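Asks: Here you go, one structure.
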Protein chains: 2
Amino acid sequence: MQLPEFSPTCILPPGFRAAGVHAGIKTDPQCFDMTLLVSDVPETVAAGMFTTNRIQAAPVKMDIAKLKSGKARAILINSGNANACTGPQGVRDAEEMAQRTAEALGLHVDEVLVSSTGGIGKPMRMDPIRKGIELLVPRLSAGGAEDAAQGILTTDTRPKMCTTTFDIEGHSARISGFCKGAGMIEPNMATMLSYIFTDAVVEAPALRAALKTAVDNSFNKISIDGDTSTNDSVICLANGQAGHSPLQPGHPDWDTFQTALNGVLFDLAMKIVWDGEGMTKFIELRAEGAASNAEADKALRSVANSFLVKTGLAGTYPAWSRMLDVLGYCGVEIDPDRISIYYDDLPMLVESVPGQADAEKVKALLHSNRYTVTLNLGTGGPGKAVLYTCDCTEEYVRINMF
Amino acid sequence: MQLPEFSPTCILPPGFRAAGVHAGIKTDPQCFDMTLLVSDVPETVAAGMFTTNRIQAAPVKMDIAKLKSGKARAILINSGNANACTGPQGVRDAEEMAQRTAEALGLHVDEVLVSSTGGIGKPMRMDPIRKGIELLVPRLSAGGAEDAAQGILTTDTRPKMCTTTFDIEGHSARISGFCKGAGMIEPNMATMLSYIFTDAVVEAPALRAALKTAVDNSFNKISIDGDTSTNDSVICLANGQAGHSPLQPGHPDWDTFQTALNGVLFDLAMKIVWDGEGMTKFIELRAEGAASNAEADKALRSVANSFLVKTGLAGTYPAWSRMLDVLGYCGVEIDPDRISIYYDDLPMLVESVPGQADAEKVKALLHSNRYTVTLNLGTGGPGKAVLYTCDCTEEYVRINMF
């Protein structure tokens, strides 16, 4: 199958409109802080995946309940406050956001989802939210996705968007989307906020299955700092306007759809790592020779979430030695005498003996902004995994102190 | 029982000598980088606890093997290189260090332990080590412990020492010691390097038991950054010069000895937290209302090792909300609707409702350099735990980049 092409913008499929505005939640009037997404098609199918954190923000709980219907028409999003750890008042605030949006759009409140992102543990200020809804509705347009992608950002330095097109039964269909996320990112399920739009014809159960597959291979394979947020949400709306027969597993073009969806989510997830708070280096971590895939994954998450590994990656410290240290305490099966670690194709450690790589080549690699680290755990087992992460710099600390 | 007093220096018990020198491992000639510790009593009892990391530095493996005898007479320590992740050459280097020290002191090589601390994954430079042994031997003295405490430091900003005295059967006895450690500190067993000296009369099995109890309540209750080192070692030498009958569980003064030993190790462990790399705040974390003590401990370690919690503690971000986030994903049983979090006696969250603490008092507390955070997990269970940790600042990152 030919891989689809992905463009770094968000061109909404026919039947969707979007807007983003500055409503006054953030102090900088240049910063958009609210976004509204609407499907004009009454029977729009919706699926979502949400944080696995047992502490869930008020809008997450609400969205999970509403999405049991498999349908949604609109999503209101604010940045600047996550409405998490906000108690019963936070629940009332999320409900008011949905209610006011439904009234302004002429929809039923059950068709309106809400997302919030920003600081946690602070009460919502509802005045700018109410004003924002009034500003957003008249600005909704088919070309509004870039504004919408701006309105959901927090510590992100840029919007993260993706669009791809593909053919189903000779009908052209599209998947596009955008996301945000730069810190409090360890995906164990979705991560951060991501909105995906498609005009493909697909029923809710099939859309849920496709979304889970795509999330498992994208947002669940990245880690910025090991913290699973209270607000992670990936929501996909499918308005069925492409005109082909309904997609489901077994449909001759199902793989085409799944591949396109996987690609859009993977592209967005990589954009999150590349915009990780304070990051200067993109690191692809690979494990092999583990007893199982689960052990390989556990080893990589432990390595990726070590303060010392991440700070070492930021500079020129031999971070591979700290990775070896982590492999020793992270609780997975290893053979301490048969571990190998490669930076790209440079052998830093071979069967637990270090120092066989060319020093000049290592130095050049450590000054590049992207490389792959392959860890062989030495058990001889078939387990392997991949995880995308980044380094940790002083800037990360500065961003998160206040 | 009256608690003993602890003085912040290391006065060796009779029969011990120590020295510290600059041997040339570190570049700064003002920095001591080697230490030698000797007991002049032939039948000196020894016990040790070492890292639980499956990747163990060469000297750690050697010391564990030698301490099976329950005896040791000398310990050679270098800072500036941990001799970890150094392959077969590292093993040969550790053996040479013991052999040369044994020859210089007229001891059997099995009586000589070796510790190394510093960067990992770099080959040892043996020339300064050999020179250091020659420098150390003639400098050994009963008053040499402060020099010795200097010789083991790495990123520590100051030596960490403690001495206490107590009576056993009318005989005055002493426990003194020193330690180092500032980063790569999450004790799951000992942590860092610590050397303890006593003239109490105690056989090896009893000393091992007492040491384990003391380590579990001190070095195993601290975390700087969640990384368990390859080199952690706590070694206690008991030369039996105090003249009382041998101590063991059941001896009327056993509790006196255990309390004194506990106190010295706790004092040293707290000094490590107060000297954590880049730290500005000392945080005592307490969990209660957990299903079990093990669950309470797991929750606290997850909280203490969250990048976001630690960076928030460094500034004025409401870190309690990030702690709540961690409780939600760390895998312990909680009741999301009944969690309470106190900063000292200020209620930040009561039964999952925030915002009941006086804002001015909270502000004052966040600008202090020490407070206690109490997390009630809301299960109604009896589990509780304590952990001592610190914040994470930009300085931590700077220290660990190169």
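FYI, nothing fancy with the structure tokens labels: chains A, B, ... in order, residues from 1 per chain, ligands from 1 as they appear.
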If we count only C-alpha atoms, which residues of chain B reach to within 8 Å of chain A? Please list them as a ChimeraX atom specification.

Replies: /B:52-55,85-88,120-121,184,225-230,306-308,311-318,320-322,324-329,336,352-354,392-395,397-398,400-402

Asks: Per DSSP on the backbone, filter segment 27-127 of chain A down to the residues in helix (DSSP H, G or I) and report them as a PDB file with N, CA and C atoms, in the first residue's frame.

Replies:
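Okay, this is what ended up in selection.pdb:
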ATOM      1  N   ALA A  58     -12.825  17.789  35.267  1.00  0.00           N
ATOM      2  CA  ALA A  58     -14.287  17.798  35.129  1.00  0.00           C
ATOM      3  C   ALA A  58     -14.746  17.606  33.681  1.00  0.00           C
ATOM      4  N   PRO A  59     -14.171  18.326  32.694  1.00  0.00           N
ATOM      5  CA  PRO A  59     -14.660  18.131  31.316  1.00  0.00           C
ATOM      6  C   PRO A  59     -14.377  16.734  30.781  1.00  0.00           C
ATOM      7  N   VAL A  60     -13.299  16.092  31.238  1.00  0.00           N
ATOM      8  CA  VAL A  60     -13.001  14.731  30.782  1.00  0.00           C
ATOM      9  C   VAL A  60     -14.108  13.779  31.224  1.00  0.00           C
ATOM     10  N   LYS A  61     -14.498  13.885  32.485  1.00  0.00           N
ATOM     11  CA  LYS A  61     -15.575  13.006  32.978  1.00  0.00           C
ATOM     12  C   LYS A  61     -16.855  13.214  32.172  1.00  0.00           C
ATOM     13  N   MET A  62     -17.151  14.498  31.883  1.00  0.00           N
ATOM     14  CA  MET A  62     -18.369  14.815  31.146  1.00  0.00           C
ATOM     15  C   MET A  62     -18.311  14.250  29.729  1.00  0.00           C
ATOM     16  N   ASP A  63     -17.167  14.440  29.059  1.00  0.00           N
ATOM     17  CA  ASP A  63     -17.045  13.975  27.669  1.00  0.00           C
ATOM     18  C   ASP A  63     -17.154  12.454  27.577  1.00  0.00           C
ATOM     19  N   ILE A  64     -16.531  11.764  28.531  1.00  0.00           N
ATOM     20  CA  ILE A  64     -16.588  10.295  28.514  1.00  0.00           C
ATOM     21  C   ILE A  64     -18.043   9.828  28.571  1.00  0.00           C
ATOM     22  N   ALA A  65     -18.835  10.473  29.442  1.00  0.00           N
ATOM     23  CA  ALA A  65     -20.246  10.093  29.575  1.00  0.00           C
ATOM     24  C   ALA A  65     -21.000  10.368  28.275  1.00  0.00           C
ATOM     25  N   LYS A  66     -20.765  11.527  27.667  1.00  0.00           N
ATOM     26  CA  LYS A  66     -21.519  11.889  26.462  1.00  0.00           C
ATOM     27  C   LYS A  66     -21.149  11.028  25.264  1.00  0.00           C
ATOM     28  N   LEU A  67     -19.880  10.616  25.198  1.00  0.00           N
ATOM     29  CA  LEU A  67     -19.423   9.879  24.011  1.00  0.00           C
ATOM     30  C   LEU A  67     -19.910   8.436  23.983  1.00  0.00           C
ATOM     31  N   LYS A  68     -20.542   7.989  25.064  1.00  0.00           N
ATOM     32  CA  LYS A  68     -21.128   6.639  25.023  1.00  0.00           C
ATOM     33  C   LYS A  68     -22.167   6.527  23.919  1.00  0.00           C
ATOM     34  N   SER A  69     -22.761   7.656  23.534  1.00  0.00           N
ATOM     35  CA  SER A  69     -23.753   7.674  22.453  1.00  0.00           C
ATOM     36  C   SER A  69     -23.113   7.472  21.086  1.00  0.00           C
ATOM     37  N   GLY A  87     -12.862  20.390  42.162  1.00  0.00           N
ATOM     38  CA  GLY A  87     -14.002  20.037  43.003  1.00  0.00           C
ATOM     39  C   GLY A  87     -15.346  20.183  42.310  1.00  0.00           C
ATOM     40  N   PRO A  88     -16.432  20.214  43.082  1.00  0.00           N
ATOM     41  CA  PRO A  88     -17.786  20.274  42.506  1.00  0.00           C
ATOM     42  C   PRO A  88     -18.008  21.519  41.652  1.00  0.00           C
ATOM     43  N   GLN A  89     -17.355  22.646  41.998  1.00  0.00           N
ATOM     44  CA  GLN A  89     -17.542  23.858  41.192  1.00  0.00           C
ATOM     45  C   GLN A  89     -17.006  23.645  39.788  1.00  0.00           C
ATOM     46  N   GLY A  90     -15.933  22.881  39.656  1.00  0.00           N
ATOM     47  CA  GLY A  90     -15.375  22.586  38.341  1.00  0.00           C
ATOM     48  C   GLY A  90     -16.363  21.828  37.473  1.00  0.00           C
ATOM     49  N   VAL A  91     -17.108  20.913  38.071  1.00  0.00           N
ATOM     50  CA  VAL A  91     -18.134  20.161  37.332  1.00  0.00           C
ATOM     51  C   VAL A  91     -19.229  21.109  36.850  1.00  0.00           C
ATOM     52  N   ARG A  92     -19.665  22.007  37.743  1.00  0.00           N
ATOM     53  CA  ARG A  92     -20.710  22.968  37.348  1.00  0.00           C
ATOM     54  C   ARG A  92     -20.210  23.879  36.225  1.00  0.00           C
ATOM     55  N   ASP A  93     -18.931  24.271  36.284  1.00  0.00           N
ATOM     56  CA  ASP A  93     -18.375  25.146  35.246  1.00  0.00           C
ATOM     57  C   ASP A  93     -18.332  24.443  33.887  1.00  0.00           C
ATOM     58  N   ALA A  94     -17.924  23.177  33.885  1.00  0.00           N
ATOM     59  CA  ALA A  94     -17.876  22.423  32.620  1.00  0.00           C
ATOM     60  C   ALA A  94     -19.283  22.283  32.037  1.00  0.00           C
ATOM     61  N   GLU A  95     -20.263  22.021  32.916  1.00  0.00           N
ATOM     62  CA  GLU A  95     -21.652  21.871  32.444  1.00  0.00           C
ATOM     63  C   GLU A  95     -22.166  23.185  31.862  1.00  0.00           C
ATOM     64  N   GLU A  96     -21.815  24.304  32.508  1.00  0.00           N
ATOM     65  CA  GLU A  96     -22.255  25.605  31.979  1.00  0.00           C
ATOM     66  C   GLU A  96     -21.629  25.882  30.616  1.00  0.00           C
ATOM     67  N   MET A  97     -20.360  25.506  30.458  1.00  0.00           N
ATOM     68  CA  MET A  97     -19.694  25.718  29.164  1.00  0.00           C
ATOM     69  C   MET A  97     -20.432  24.968  28.051  1.00  0.00           C
ATOM     70  N   ALA A  98     -20.820  23.724  28.314  1.00  0.00           N
ATOM     71  CA  ALA A  98     -21.545  22.934  27.311  1.00  0.00           C
ATOM     72  C   ALA A  98     -22.923  23.528  27.054  1.00  0.00           C
ATOM     73  N   GLN A  99     -23.613  23.924  28.120  1.00  0.00           N
ATOM     74  CA  GLN A  99     -24.973  24.434  27.999  1.00  0.00           C
ATOM     75  C   GLN A  99     -25.012  25.719  27.173  1.00  0.00           C
ATOM     76  N   ARG A 100     -24.106  26.650  27.498  1.00  0.00           N
ATOM     77  CA  ARG A 100     -24.092  27.918  26.758  1.00  0.00           C
ATOM     78  C   ARG A 100     -23.737  27.708  25.288  1.00  0.00           C
ATOM     79  N   THR A 101     -22.800  26.791  25.035  1.00  0.00           N
ATOM     80  CA  THR A 101     -22.414  26.511  23.644  1.00  0.00           C
ATOM     81  C   THR A 101     -23.578  25.886  22.881  1.00  0.00           C
ATOM     82  N   ALA A 102     -24.275  24.958  23.522  1.00  0.00           N
ATOM     83  CA  ALA A 102     -25.420  24.313  22.882  1.00  0.00           C
ATOM     84  C   ALA A 102     -26.480  25.353  22.527  1.00  0.00           C
ATOM     85  N   GLU A 103     -26.755  26.255  23.444  1.00  0.00           N
ATOM     86  CA  GLU A 103     -27.771  27.285  23.183  1.00  0.00           C
ATOM     87  C   GLU A 103     -27.348  28.179  22.026  1.00  0.00           C
ATOM     88  N   ALA A 104     -26.083  28.574  22.014  1.00  0.00           N
ATOM     89  CA  ALA A 104     -25.608  29.490  20.962  1.00  0.00           C
ATOM     90  C   ALA A 104     -25.626  28.831  19.589  1.00  0.00           C
ATOM     91  N   LEU A 105     -25.480  27.508  19.548  1.00  0.00           N
ATOM     92  CA  LEU A 105     -25.424  26.800  18.266  1.00  0.00           C
ATOM     93  C   LEU A 105     -26.747  26.125  17.904  1.00  0.00           C
ATOM     94  N   VAL A 109     -27.560  19.844  24.504  1.00  0.00           N
ATOM     95  CA  VAL A 109     -26.346  19.902  25.338  1.00  0.00           C
ATOM     96  C   VAL A 109     -25.555  18.590  25.280  1.00  0.00           C
ATOM     97  N   ASP A 110     -26.240  17.472  25.044  1.00  0.00           N
ATOM     98  CA  ASP A 110     -25.526  16.189  24.984  1.00  0.00           C
ATOM     99  C   ASP A 110     -24.653  16.055  23.738  1.00  0.00           C
ATOM    100  N   GLU A 111     -24.853  16.971  22.761  1.00  0.00           N
ATOM    101  CA  GLU A 111     -24.043  16.923  21.539  1.00  0.00           C
ATOM    102  C   GLU A 111     -22.770  17.769  21.654  1.00  0.00           C
ATOM    103  N   MET A 126     -15.114  32.289  34.965  1.00  0.00           N
ATOM    104  CA  MET A 126     -16.121  32.006  33.943  1.00  0.00           C
ATOM    105  C   MET A 126     -16.474  33.213  33.083  1.00  0.00           C
ATOM    106  N   ASP A 127     -16.187  34.426  33.548  1.00  0.00           N
ATOM    107  CA  ASP A 127     -16.554  35.593  32.735  1.00  0.00           C
ATOM    108  C   ASP A 127     -15.905  35.575  31.353  1.00  0.00           C
TER     109      ASP A 127
END

Asks: For Val21 of chain B, work out the shell of residues within 7 Å, counting only C-alpha atoms and skipping chain neighbours fewer than 2 positions away, then give it as a list in words.

Replies: Ala19, Ala23, Phe32, Asp33, Met34, Thr35, Leu136 and Gly151 of chain B

Asks: What lies within 8 Å of segment 173-180 of chain A using only C-alpha atoms, ignoring chain neighbours under 4 positions off, as an NGL selection string?

Replies: :A and (10-13 or 149 or 152-154 or 156 or 159-168 or 192-200 or 242 or 260-261 or 264 or 268 or 272)

Asks: Looking at only C-alpha atoms, which of B:His244, B:Lys281, B:His108, B:Lys271 is the one that sits closest to Cys390 of chain B?

Replies: B:Lys281

Asks: Skipping near chain neighbours, those fewer than 5 positions away, what residues fall within 8 Å of Gly48 of chain B using only C-alpha atoms, listed as a list in words?

Replies: Ile64, Leu67, Arg208, Leu211, Ser233, Val234, Ile235 and Cys236 of chain B

Asks: Skip Ala72 of chain A itself and residues of its chain fewer than 3 positions away, then list as a PyMOL selection string all residues within 7 Å of it, counting only C-alpha atoms.

Replies: chain A and resi 44-46+111-112

Asks: List every residue of segment 73-309 of chain B that DSSP, applied to the backbone of this structure, places in strand (DSSP E), and write the result as number ranges by chain.

Replies: B: 74-79, 112-117, 160-168, 171-180, 193-198, 222-223, 233-238, 282-290

Asks: For Asn293 of chain A, please output as an MDAnalysis selection string all residues within 12 Å (counting only C-alpha atoms; exclusion window: fewer than 6 positions along the same chain).

Replies: chainID A and resid 286:287 299:300 332:333 377 381:386

Asks: Pick the closest to Gly181 of chain A from A:Gly118, A:Gly143, A:Pro128, A:Pro138: which is it, counting only C-alpha atoms?

Replies: A:Gly118

Asks: So which one's closest to Gly144 of chain B, B:Pro249, B:Gly380, B:Pro42, B:Gly20? Using only C-alpha atoms, please.

Replies: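 Looking only at the distances to Gly144 of chain B, the closest residue turns out to be B:Gly20.
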